[in-house]
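In what follows, a single structure is set out as structure tokens and then discussed.
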Amino acid sequence: MNYSTKILFAALILMGVFSCKTESETKEEISPELSKAISGYDEPFRPQFHFSPPEKWMNDPNGLVHHQGVYHLFYQYYPDDIVWGPMHWGHATSTDMIHWENKPIALYPDEHGLIFSGSAVVDKNNTSGFGTKDNPPLVAIFTYHLMEGEKAGRKDFQTQGIAYSLDNGETWTKYEGNPVIGNQGIKDFRDPKVFWHDESSKWIMALVAGDHAKFYSSDNLKKWVLLSEFGKDKGAHGGVWECPDLFKIPVEGSEEEKWVLLISINPGAPNGGSGTQYFVGDFDGTNFTTEQAETRWLDYGMDNYAGVTYNNVPDGRRVFIGWMSNWNYARDTPTEVWRSSMTLPRKLTLHKNDEGYFLKNFPLTEFDKISKGKLLFPKPVRLDEPFEREYDNLNNSELKFLADPNENYAITYSNKEGEQLCFQLLGESSELLLDRTRSGIVDFEESFGRAIQKQPFWPEGDKTKVRIILDASSVEIFIDEGKHVFTNQIFPKQPYTKLEISGPADGSLEYLMLREVNSIWNPVN
Ligand code: FRU
């Protein structure tokens, strides 16, 4: 679509006269062959080792499920423009959680509405009857959003629907009895996350309803019974609750198991706009309860939203993917062919200390397979002089070092345009700061480059592990293996070429490792 056609399209959407294309009209547009032709994945700002769609708008990850050796990543997708529009489920698959293959669109809007966020399960016992025991169906559970209802000022325009696939996600059939959960007048009623609950031998669904979560159960994924509600008086309420996830997880280093409820919230995140809070507690098959008094955040960066975890991961790891953007400016970021990408797939682990339970999120070890490029710096450094080095391109690199948690450090990436990204670990004031205010193009929206982002820092042990992963348009910072995380988009006009590290003059970095990360789209080896 050329620029003037896009303007016309945008105008039509604004005038409310846009109607969705039919499935047969759009099916051709996103075949894998065509997607390769559309994008060489080499445009300015194109992530080289994060998932992004070949073209057009993407938001939340949906239907994260593993089946027969394949990790599915469905996502909120609008195939006609690079701003949000009538939602479909886009689709990509991976066998290693690193390389992704783009697939045709999985779910199209229908008479019940647009296809909003949701989840997918492997119905192993064929409880739904959609498949057979020998060929169990994949079942997607999602929200229908009926535009006509919303425009008419009604409140019941979000309902829940299901669809199934008998060929491991290649083709999908909508259930003729949709919607499976109707709406009795709740304006924000969406984002079903379903999982099999062994203890009660039932399917459980977590759903959000404005300012709280609702839990349902089912024997067959078609008939659902409301069990309970959680959260009206718990956690952060600066915005609407979205994209819940409920799962059981072991406490590291013990026999204990707890339940975690993830809730995305927009706005109201600690550094502005969209963010993800979590609750650690118990789920007895009916009620989720928690003793957690304070609000806990999964990530203090501004670009990790609507993240949920995989169902059915073979080795039992709890694998999380988030959408690397923020509703404050998601529509305005300076890319042209596509908009936004996902976080690296991360492993969630639960830990306990004197202050209670907390989650860590950290890239899967699979990532190490592509962090194997040229070794740019491999040894300890003294800091009596600040560490300063020039490179060709740091926007595909990984940096790791050990810091003294009682000291202050500043890590700065910069380029010849004078753009710079600065991360500070302040042991003295127990704070972590991320400054992207001059990191590149920041003026497309007011909150993107306005303030230095902050988070509290509670060191563990006498060394702090720092890991910084830079892609073409993102920075992910992990402290102590994901205890503290900053995930952020950045748009430097040129790649960063200089790395500077300053720290205690009498100190040294025990270990400093900087290496290139290989592209997953245009592999060099
Ligand atoms: C979260 C969200 C969901 C909704 C989807 C619509 O980013 O607002 O609540 O289902 O995006 O695209």
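Identifiers in this document derive from the order of the structure tokens: chains are assigned A, B, ..., residues are numbered from 1 separately in each chain, and ligands are numbered from 1 in order of occurrence.
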
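Every protein or nucleic acid residue with an atom no more than 9 Å from A:Trp100, counting only C-alpha atoms and leaving out same-chain residues fewer than 5 positions away, appears here: Phe51, Leu73, Ala92, Thr93, Ser94, Thr95, Ile520 and Trp521 of chain A.
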
Pull C-alpha atoms from the residues just selected and write them as an mmCIF file, in the first residue's frame.
data_model
loop_
_atom_site.group_PDB
_atom_site.id
_atom_site.type_symbol
_atom_site.label_atom_id
_atom_site.label_comp_id
_atom_site.auth_asym_id
_atom_site.auth_seq_id
_atom_site.Cartn_x
_atom_site.Cartn_y
_atom_site.Cartn_z
ATOM 1 C CA PHE A 51 10.216 -12.109 16.465
ATOM 2 C CA LEU A 73 3.199 -18.122 18.496
ATOM 3 C CA ALA A 92 4.475 -18.163 13.464
ATOM 4 C CA THR A 93 6.096 -21.401 14.591
ATOM 5 C CA SER A 94 9.431 -22.455 15.990
ATOM 6 C CA THR A 95 11.070 -25.715 16.909
ATOM 7 C CA ILE A 520 17.891 -15.343 13.045
ATOM 8 C CA TRP A 521 16.487 -13.995 9.785
#

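Across stretch 101-169 of chain A, DSSP run on the backbone finds helix (DSSP H, G or I) at Met147, Glu148, Gly149, Glu150 and Lys151 of chain A.
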
Item to check | Contacts of ligand 1, 8 Å or closer, only C-alpha atoms and all ligand atoms, given as a VMD selection string | outcome: chain A and resid 59 to 60 76 to 77 84 87 115 to 118 143 190 to 191 241 to 243 264 305 to 306 327

Checklist entry - Which value, in Å to one decimal, gives the distance between atom CA of A:Ser228 and atom CA of A:Pro179? => result 20.5 Å

Item to check | 12 Å contact set for A:Val70, only C-alpha atoms, chain neighbours under 3 positions out, as a VMD selection string | outcome: chain A and resid 64 to 67 73 92 to 101 122 167 to 170 310 to 314

Next on the checklist: If we count only C-alpha atoms and set the cut-off at 10 Å, which residues sit around A:Pro250, ignoring sequence neighbours fewer than 6 positions away in its own chain? Please answer as JSON, numbers by chain.
Outcome noted: {"A": [256, 257, 258, 259, 349, 350, 351]}

Written selection (all heavy atoms) as a JSON list (two decimals), in the first residue's frame:
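Ended up saving to out.json:
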[["chain", "number", "residue", "atom", "x", "y", "z"],
["A", 256, "GLU", "N", 8.36, -26.60, 47.73],
["A", 256, "GLU", "CA", 7.10, -25.85, 47.73],
["A", 256, "GLU", "C", 6.64, -25.50, 46.31],
["A", 256, "GLU", "O", 7.46, -25.25, 45.42],
["A", 256, "GLU", "CB", 7.35, -24.56, 48.52],
["A", 256, "GLU", "CG", 6.10, -23.84, 48.94],
["A", 256, "GLU", "CD", 6.41, -22.53, 49.65],
["A", 256, "GLU", "OE1", 7.59, -22.15, 49.81],
["A", 256, "GLU", "OE2", 5.41, -21.88, 50.04],
["A", 257, "GLU", "N", 5.34, -25.44, 46.12],
["A", 257, "GLU", "CA", 4.79, -24.96, 44.85],
["A", 257, "GLU", "C", 3.78, -23.86, 45.14],
["A", 257, "GLU", "O", 3.05, -23.93, 46.12],
["A", 257, "GLU", "CB", 4.06, -26.09, 44.12],
["A", 257, "GLU", "CG", 5.00, -27.14, 43.59],
["A", 257, "GLU", "CD", 4.26, -28.19, 42.76],
["A", 257, "GLU", "OE1", 3.18, -28.63, 43.18],
["A", 257, "GLU", "OE2", 4.79, -28.54, 41.70],
["A", 258, "LYS", "N", 3.76, -22.85, 44.30],
["A", 258, "LYS", "CA", 2.80, -21.76, 44.47],
["A", 258, "LYS", "C", 2.10, -21.52, 43.13],
["A", 258, "LYS", "O", 2.51, -22.05, 42.09],
["A", 258, "LYS", "CB", 3.52, -20.46, 44.88],
["A", 258, "LYS", "CG", 4.24, -20.50, 46.19],
["A", 258, "LYS", "CD", 3.34, -20.70, 47.38],
["A", 258, "LYS", "CE", 2.62, -19.44, 47.82],
["A", 258, "LYS", "NZ", 1.78, -19.72, 49.04],
["A", 259, "TRP", "N", 1.08, -20.70, 43.17],
["A", 259, "TRP", "CA", 0.39, -20.28, 41.95],
["A", 259, "TRP", "C", 0.70, -18.81, 41.70],
["A", 259, "TRP", "O", 0.77, -18.01, 42.64],
["A", 259, "TRP", "CB", -1.11, -20.49, 42.09],
["A", 259, "TRP", "CG", -1.47, -21.94, 42.00],
["A", 259, "TRP", "CD1", -1.35, -22.88, 42.99],
["A", 259, "TRP", "CD2", -1.96, -22.63, 40.84],
["A", 259, "TRP", "NE1", -1.75, -24.10, 42.52],
["A", 259, "TRP", "CE2", -2.14, -23.98, 41.21],
["A", 259, "TRP", "CE3", -2.27, -22.24, 39.54],
["A", 259, "TRP", "CZ2", -2.61, -24.95, 40.31],
["A", 259, "TRP", "CZ3", -2.75, -23.19, 38.66],
["A", 259, "TRP", "CH2", -2.92, -24.53, 39.04],
["A", 349, "THR", "N", 10.94, -18.08, 36.80],
["A", 349, "THR", "CA", 11.21, -18.91, 37.97],
["A", 349, "THR", "C", 10.74, -18.15, 39.21],
["A", 349, "THR", "O", 10.75, -16.91, 39.23],
["A", 349, "THR", "CB", 12.71, -19.24, 38.12],
["A", 349, "THR", "OG1", 13.47, -18.03, 38.01],
["A", 349, "THR", "CG2", 13.18, -20.22, 37.05],
["A", 350, "LEU", "N", 10.32, -18.91, 40.22],
["A", 350, "LEU", "CA", 9.82, -18.28, 41.44],
["A", 350, "LEU", "C", 10.83, -18.48, 42.57],
["A", 350, "LEU", "O", 11.38, -19.58, 42.74],
["A", 350, "LEU", "CB", 8.48, -18.90, 41.83],
["A", 350, "LEU", "CG", 7.76, -18.23, 43.01],
["A", 350, "LEU", "CD1", 7.38, -16.79, 42.69],
["A", 350, "LEU", "CD2", 6.52, -19.02, 43.41],
["A", 351, "HIS", "N", 11.06, -17.43, 43.34],
["A", 351, "HIS", "CA", 12.06, -17.45, 44.40],
["A", 351, "HIS", "C", 11.44, -16.89, 45.67],
["A", 351, "HIS", "O", 10.44, -16.18, 45.63],
["A", 351, "HIS", "CB", 13.28, -16.60, 43.99],
["A", 351, "HIS", "CG", 13.85, -17.04, 42.69],
["A", 351, "HIS", "ND1", 15.00, -17.78, 42.59],
["A", 351, "HIS", "CD2", 13.40, -16.88, 41.42],
["A", 351, "HIS", "CE1", 15.24, -18.05, 41.32],
["A", 351, "HIS", "NE2", 14.28, -17.52, 40.58]]

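Taking only C-alpha atoms into account, A:Asn287 lies nearest to A:Lys214 out of the set A:Arg318, A:Lys155, A:Lys214, A:Arg346.
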
Item to check | Those of stretch 92-195 of chain A in DSSP strand (DSSP E or B), formatted as a ChimeraX atom specification | outcome: /A:92-94,101-107,110,113-122,138-145,158-165,173-174,181,189-195

Those same residues, written as a short mmCIF file (atom, residue, chain, number, x, y, z; two decimals), in the first residue's frame with N, CA and C atoms?
data_model
loop_
_atom_site.label_atom_id
_atom_site.label_comp_id
_atom_site.auth_asym_id
_atom_site.auth_seq_id
_atom_site.Cartn_x
_atom_site.Cartn_y
_atom_site.Cartn_z
N ALA A 92 3.10 -17.76 13.79
CA ALA A 92 4.47 -18.16 13.46
C ALA A 92 4.78 -19.40 14.29
N THR A 93 5.73 -20.20 13.84
CA THR A 93 6.10 -21.40 14.59
C THR A 93 7.61 -21.49 14.74
N SER A 94 8.00 -22.27 15.75
CA SER A 94 9.43 -22.46 15.99
C SER A 94 9.64 -23.85 16.56
N GLU A 101 9.22 -19.36 11.86
CA GLU A 101 8.74 -19.46 10.49
C GLU A 101 7.38 -18.77 10.42
N ASN A 102 7.24 -17.83 9.50
CA ASN A 102 5.96 -17.14 9.37
C ASN A 102 4.94 -18.02 8.67
N LYS A 103 3.73 -18.04 9.22
CA LYS A 103 2.64 -18.88 8.71
C LYS A 103 1.49 -17.99 8.25
N PRO A 104 0.57 -18.56 7.47
CA PRO A 104 -0.61 -17.77 7.10
C PRO A 104 -1.43 -17.38 8.33
N ILE A 105 -2.26 -16.38 8.18
CA ILE A 105 -3.15 -15.96 9.27
C ILE A 105 -3.98 -17.14 9.73
N ALA A 106 -4.11 -17.29 11.06
CA ALA A 106 -4.83 -18.45 11.61
C ALA A 106 -6.31 -18.17 11.81
N LEU A 107 -6.64 -17.02 12.36
CA LEU A 107 -8.05 -16.73 12.67
C LEU A 107 -8.46 -15.37 12.12
N ASP A 110 -15.21 -12.78 12.22
CA ASP A 110 -16.42 -13.36 11.64
C ASP A 110 -17.64 -12.61 12.16
N GLY A 113 -17.49 -11.07 15.59
CA GLY A 113 -16.60 -9.96 15.88
C GLY A 113 -15.15 -10.21 15.49
N LEU A 114 -14.32 -9.25 15.92
CA LEU A 114 -12.88 -9.33 15.69
C LEU A 114 -12.30 -10.36 16.65
N ILE A 115 -11.09 -10.84 16.35
CA ILE A 115 -10.50 -11.88 17.20
C ILE A 115 -9.46 -11.23 18.12
N PHE A 116 -9.84 -11.02 19.36
CA PHE A 116 -8.93 -10.42 20.34
C PHE A 116 -8.09 -11.52 21.02
N SER A 117 -7.38 -11.13 22.05
CA SER A 117 -6.38 -12.03 22.66
C SER A 117 -6.98 -13.26 23.32
N GLY A 118 -6.16 -14.29 23.42
CA GLY A 118 -6.60 -15.54 24.06
C GLY A 118 -5.47 -16.55 24.05
N SER A 119 -5.83 -17.80 24.29
CA SER A 119 -4.83 -18.84 24.50
C SER A 119 -5.15 -20.07 23.65
N ALA A 120 -4.31 -21.09 23.75
CA ALA A 120 -4.58 -22.34 23.03
C ALA A 120 -4.14 -23.50 23.90
N VAL A 121 -4.86 -24.61 23.78
CA VAL A 121 -4.52 -25.81 24.56
C VAL A 121 -4.47 -27.01 23.64
N VAL A 122 -3.74 -28.04 24.10
CA VAL A 122 -3.82 -29.34 23.44
C VAL A 122 -4.86 -30.13 24.21
N LEU A 138 -6.00 -29.13 18.69
CA LEU A 138 -5.55 -27.90 19.34
C LEU A 138 -6.79 -27.03 19.42
N VAL A 139 -7.06 -26.46 20.59
CA VAL A 139 -8.24 -25.60 20.71
C VAL A 139 -7.79 -24.20 21.12
N ALA A 140 -8.24 -23.22 20.35
CA ALA A 140 -7.93 -21.82 20.65
C ALA A 140 -9.14 -21.21 21.35
N ILE A 141 -8.88 -20.45 22.39
CA ILE A 141 -9.96 -19.81 23.16
C ILE A 141 -9.64 -18.32 23.14
N PHE A 142 -10.55 -17.50 22.63
CA PHE A 142 -10.22 -16.10 22.38
C PHE A 142 -11.43 -15.22 22.65
N THR A 143 -11.20 -13.92 22.61
CA THR A 143 -12.30 -12.97 22.79
C THR A 143 -12.80 -12.49 21.44
N TYR A 144 -14.11 -12.49 21.29
CA TYR A 144 -14.74 -11.82 20.14
C TYR A 144 -15.05 -10.39 20.55
N HIS A 145 -14.72 -9.46 19.67
CA HIS A 145 -15.02 -8.05 19.94
C HIS A 145 -15.92 -7.56 18.81
N GLN A 158 -18.07 -7.85 24.08
CA GLN A 158 -16.96 -8.81 24.14
C GLN A 158 -17.48 -10.14 24.69
N THR A 159 -17.29 -11.20 23.91
CA THR A 159 -17.71 -12.54 24.31
C THR A 159 -16.53 -13.48 24.07
N GLN A 160 -16.66 -14.73 24.51
CA GLN A 160 -15.53 -15.65 24.31
C GLN A 160 -15.92 -16.74 23.31
N GLY A 161 -14.99 -17.02 22.40
CA GLY A 161 -15.25 -18.03 21.38
C GLY A 161 -14.13 -19.06 21.34
N ILE A 162 -14.37 -20.15 20.62
CA ILE A 162 -13.33 -21.17 20.46
C ILE A 162 -13.23 -21.62 19.00
N ALA A 163 -12.08 -22.18 18.65
CA ALA A 163 -11.85 -22.73 17.32
C ALA A 163 -10.91 -23.90 17.49
N TYR A 164 -10.89 -24.83 16.55
CA TYR A 164 -10.00 -25.97 16.71
C TYR A 164 -9.23 -26.27 15.42
N SER A 165 -8.12 -26.97 15.62
CA SER A 165 -7.28 -27.36 14.50
C SER A 165 -6.91 -28.83 14.67
N THR A 173 -10.96 -24.29 12.44
CA THR A 173 -12.41 -24.26 12.24
C THR A 173 -13.04 -23.63 13.47
N LYS A 174 -13.90 -22.67 13.26
CA LYS A 174 -14.57 -22.05 14.41
C LYS A 174 -15.69 -22.98 14.87
N ILE A 181 -18.95 -18.20 25.94
CA ILE A 181 -19.32 -17.40 27.12
C ILE A 181 -19.87 -16.08 26.60
N PHE A 189 -14.18 -7.38 29.00
CA PHE A 189 -14.45 -8.76 29.41
C PHE A 189 -13.69 -9.65 28.44
N ARG A 190 -12.39 -9.91 28.75
CA ARG A 190 -11.61 -10.50 27.66
C ARG A 190 -10.35 -11.26 28.09
N ASP A 191 -9.69 -11.76 27.05
CA ASP A 191 -8.34 -12.35 27.11
C ASP A 191 -8.28 -13.66 27.89
N PRO A 192 -9.10 -14.66 27.51
CA PRO A 192 -9.14 -15.93 28.24
C PRO A 192 -7.82 -16.70 28.17
N LYS A 193 -7.32 -17.08 29.34
CA LYS A 193 -6.16 -17.98 29.38
C LYS A 193 -6.65 -19.29 29.98
N VAL A 194 -6.55 -20.37 29.22
CA VAL A 194 -7.08 -21.66 29.64
C VAL A 194 -5.94 -22.66 29.85
N PHE A 195 -6.07 -23.49 30.88
CA PHE A 195 -5.09 -24.56 31.09
C PHE A 195 -5.80 -25.75 31.72
#

Please produce, as a tab-separated table, a per-residue contact table for stretch 33-74 of chain A versus stretch 483-491 of chain A (criterion: any atom at most 12 Å away, only C-alpha atoms considered), showing the nearest atom pair and its distance in Å to one decimal, sorted by chain then residue number.
residue	atom	partner	partner_atom	distance
A:Pro44	CA	A:Phe491	CA	9.1
A:Phe45	CA	A:Phe491	CA	6.6
A:Arg46	CA	A:Phe491	CA	10.1
A:Pro47	CA	A:Gln489	CA	10.4
A:His50	CA	A:Gln489	CA	11.9

Next on the checklist: For A:Glu294, find every residue with an atom within 12 Å (counting only C-alpha atoms), except residues of its own chain fewer than 6 positions away, and show them as a list in words.
Outcome noted: Asp233, Lys234, Gly235, Ala236, Gln277, Tyr278, Phe279, Val280, Glu355, Gly356, Tyr357 and Phe358 of chain A

Checklist outcome for this item: Between A:Gly418, A:Ile411, A:Glu199, A:Gly239, smallest distance to A:Leu432 by only C-alpha atoms belongs to A:Ile411

Item to check | Shell around A:Ala505 at 10 Å using only C-alpha atoms, local window under 2 positions removed, as a list in words | outcome: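 These residues fall inside the cut-off: Arg382, Leu383, Asp384, Glu385, Pro386, Ser502, Gly503, Gly507 and Ser508 of chain A.
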
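Nearest-residue note for A:Phe288: choosing from A:Val475, A:Ile370, A:Ala206, A:Leu512, the minimum distance belongs to A:Ala206, counting only C-alpha atoms.
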
Next on the checklist: as a PyMOL selection string, please: the residues near A:Asn361 (cut-off 12 Å, only C-alpha atoms, same-chain neighbours under 6 positions excluded).
Outcome noted: chain A and resi 297-300+304+307-309+317-322+343-351+476-487

Please dump the current selection as a short mmCIF file (atom, residue, chain, number, x, y, z; two decimals), in the first residue's frame; keep N, CA and C atoms.
data_model
loop_
_atom_site.label_atom_id
_atom_site.label_comp_id
_atom_site.auth_asym_id
_atom_site.auth_seq_id
_atom_site.Cartn_x
_atom_site.Cartn_y
_atom_site.Cartn_z
N TRP A 297 6.00 -6.09 40.08
CA TRP A 297 6.07 -5.91 38.63
C TRP A 297 7.07 -6.87 38.03
N LEU A 298 6.69 -7.43 36.90
CA LEU A 298 7.55 -8.39 36.23
C LEU A 298 8.76 -7.71 35.59
N ASP A 299 8.57 -6.47 35.16
CA ASP A 299 9.57 -5.78 34.35
C ASP A 299 9.32 -4.29 34.57
N TYR A 300 10.38 -3.53 34.84
CA TYR A 300 10.19 -2.09 35.04
C TYR A 300 10.43 -1.28 33.77
N ASN A 304 7.23 -4.12 27.82
CA ASN A 304 6.97 -5.55 27.99
C ASN A 304 5.53 -5.65 28.46
N GLY A 307 2.20 -9.99 28.21
CA GLY A 307 2.96 -11.24 28.15
C GLY A 307 2.22 -12.37 28.86
N VAL A 308 2.30 -13.54 28.29
CA VAL A 308 1.70 -14.75 28.88
C VAL A 308 2.66 -15.92 28.66
N THR A 309 2.29 -17.09 29.20
CA THR A 309 3.21 -18.23 29.13
C THR A 309 2.63 -19.36 28.29
N ARG A 317 9.26 -26.26 31.69
CA ARG A 317 9.68 -24.88 31.95
C ARG A 317 8.48 -23.94 31.76
N ARG A 318 8.47 -22.85 32.49
CA ARG A 318 7.40 -21.85 32.34
C ARG A 318 7.94 -20.77 31.42
N VAL A 319 7.55 -20.81 30.15
CA VAL A 319 8.15 -19.95 29.13
C VAL A 319 7.21 -18.79 28.79
N PHE A 320 7.75 -17.60 28.87
CA PHE A 320 6.98 -16.36 28.75
C PHE A 320 7.42 -15.58 27.50
N ILE A 321 6.45 -15.00 26.81
CA ILE A 321 6.77 -14.03 25.75
C ILE A 321 5.87 -12.80 25.96
N GLY A 322 6.45 -11.62 25.85
CA GLY A 322 5.66 -10.38 25.98
C GLY A 322 5.73 -9.59 24.69
N THR A 343 9.30 -9.84 23.02
CA THR A 343 10.50 -10.02 23.84
C THR A 343 11.16 -11.34 23.43
N LEU A 344 12.38 -11.52 23.84
CA LEU A 344 12.97 -12.86 23.74
C LEU A 344 12.10 -13.80 24.58
N PRO A 345 11.96 -15.06 24.17
CA PRO A 345 11.27 -16.01 25.05
C PRO A 345 12.06 -16.13 26.36
N ARG A 346 11.35 -16.05 27.48
CA ARG A 346 12.04 -16.03 28.78
C ARG A 346 11.50 -17.10 29.70
N LYS A 347 12.38 -17.61 30.53
CA LYS A 347 11.96 -18.60 31.52
C LYS A 347 11.57 -17.87 32.81
N LEU A 348 10.40 -18.19 33.33
CA LEU A 348 9.99 -17.61 34.61
C LEU A 348 10.36 -18.60 35.72
N THR A 349 10.94 -18.08 36.80
CA THR A 349 11.21 -18.91 37.97
C THR A 349 10.74 -18.15 39.21
N LEU A 350 10.32 -18.91 40.22
CA LEU A 350 9.82 -18.28 41.44
C LEU A 350 10.83 -18.48 42.57
N HIS A 351 11.06 -17.43 43.34
CA HIS A 351 12.06 -17.45 44.40
C HIS A 351 11.44 -16.89 45.67
N GLU A 476 17.32 -5.09 26.36
CA GLU A 476 16.80 -5.90 27.47
C GLU A 476 17.91 -6.02 28.50
N ILE A 477 17.63 -5.55 29.71
CA ILE A 477 18.64 -5.57 30.76
C ILE A 477 18.18 -6.52 31.87
N PHE A 478 19.03 -7.48 32.20
CA PHE A 478 18.70 -8.47 33.22
C PHE A 478 19.74 -8.38 34.33
N ILE A 479 19.27 -8.13 35.53
CA ILE A 479 20.17 -8.07 36.69
C ILE A 479 19.90 -9.31 37.55
N ASP A 480 20.98 -9.96 37.94
CA ASP A 480 20.87 -11.19 38.74
C ASP A 480 19.87 -12.17 38.13
N GLU A 481 20.12 -12.48 36.89
CA GLU A 481 19.36 -13.50 36.15
C GLU A 481 17.86 -13.24 36.15
N GLY A 482 17.51 -11.97 35.96
CA GLY A 482 16.10 -11.65 35.75
C GLY A 482 15.35 -11.25 36.99
N LYS A 483 16.08 -10.98 38.08
CA LYS A 483 15.40 -10.49 39.29
C LYS A 483 14.92 -9.05 39.05
N HIS A 484 15.76 -8.31 38.35
CA HIS A 484 15.39 -6.95 37.94
C HIS A 484 15.53 -6.88 36.42
N VAL A 485 14.50 -6.37 35.77
CA VAL A 485 14.53 -6.33 34.30
C VAL A 485 14.05 -4.97 33.80
N PHE A 486 14.73 -4.49 32.76
CA PHE A 486 14.25 -3.33 32.00
C PHE A 486 14.16 -3.78 30.55
N THR A 487 12.98 -3.75 29.96
CA THR A 487 12.82 -4.04 28.54
C THR A 487 12.33 -2.78 27.85
#

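Atom CA of A:Lys360 sits 25.3 Å away from atom CA of A:Ile501.
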
Item to check | One-decimal distance in Å that lies between atom CA of A:Met342 and atom CA of A:Asn266 | outcome: 17.7 Å
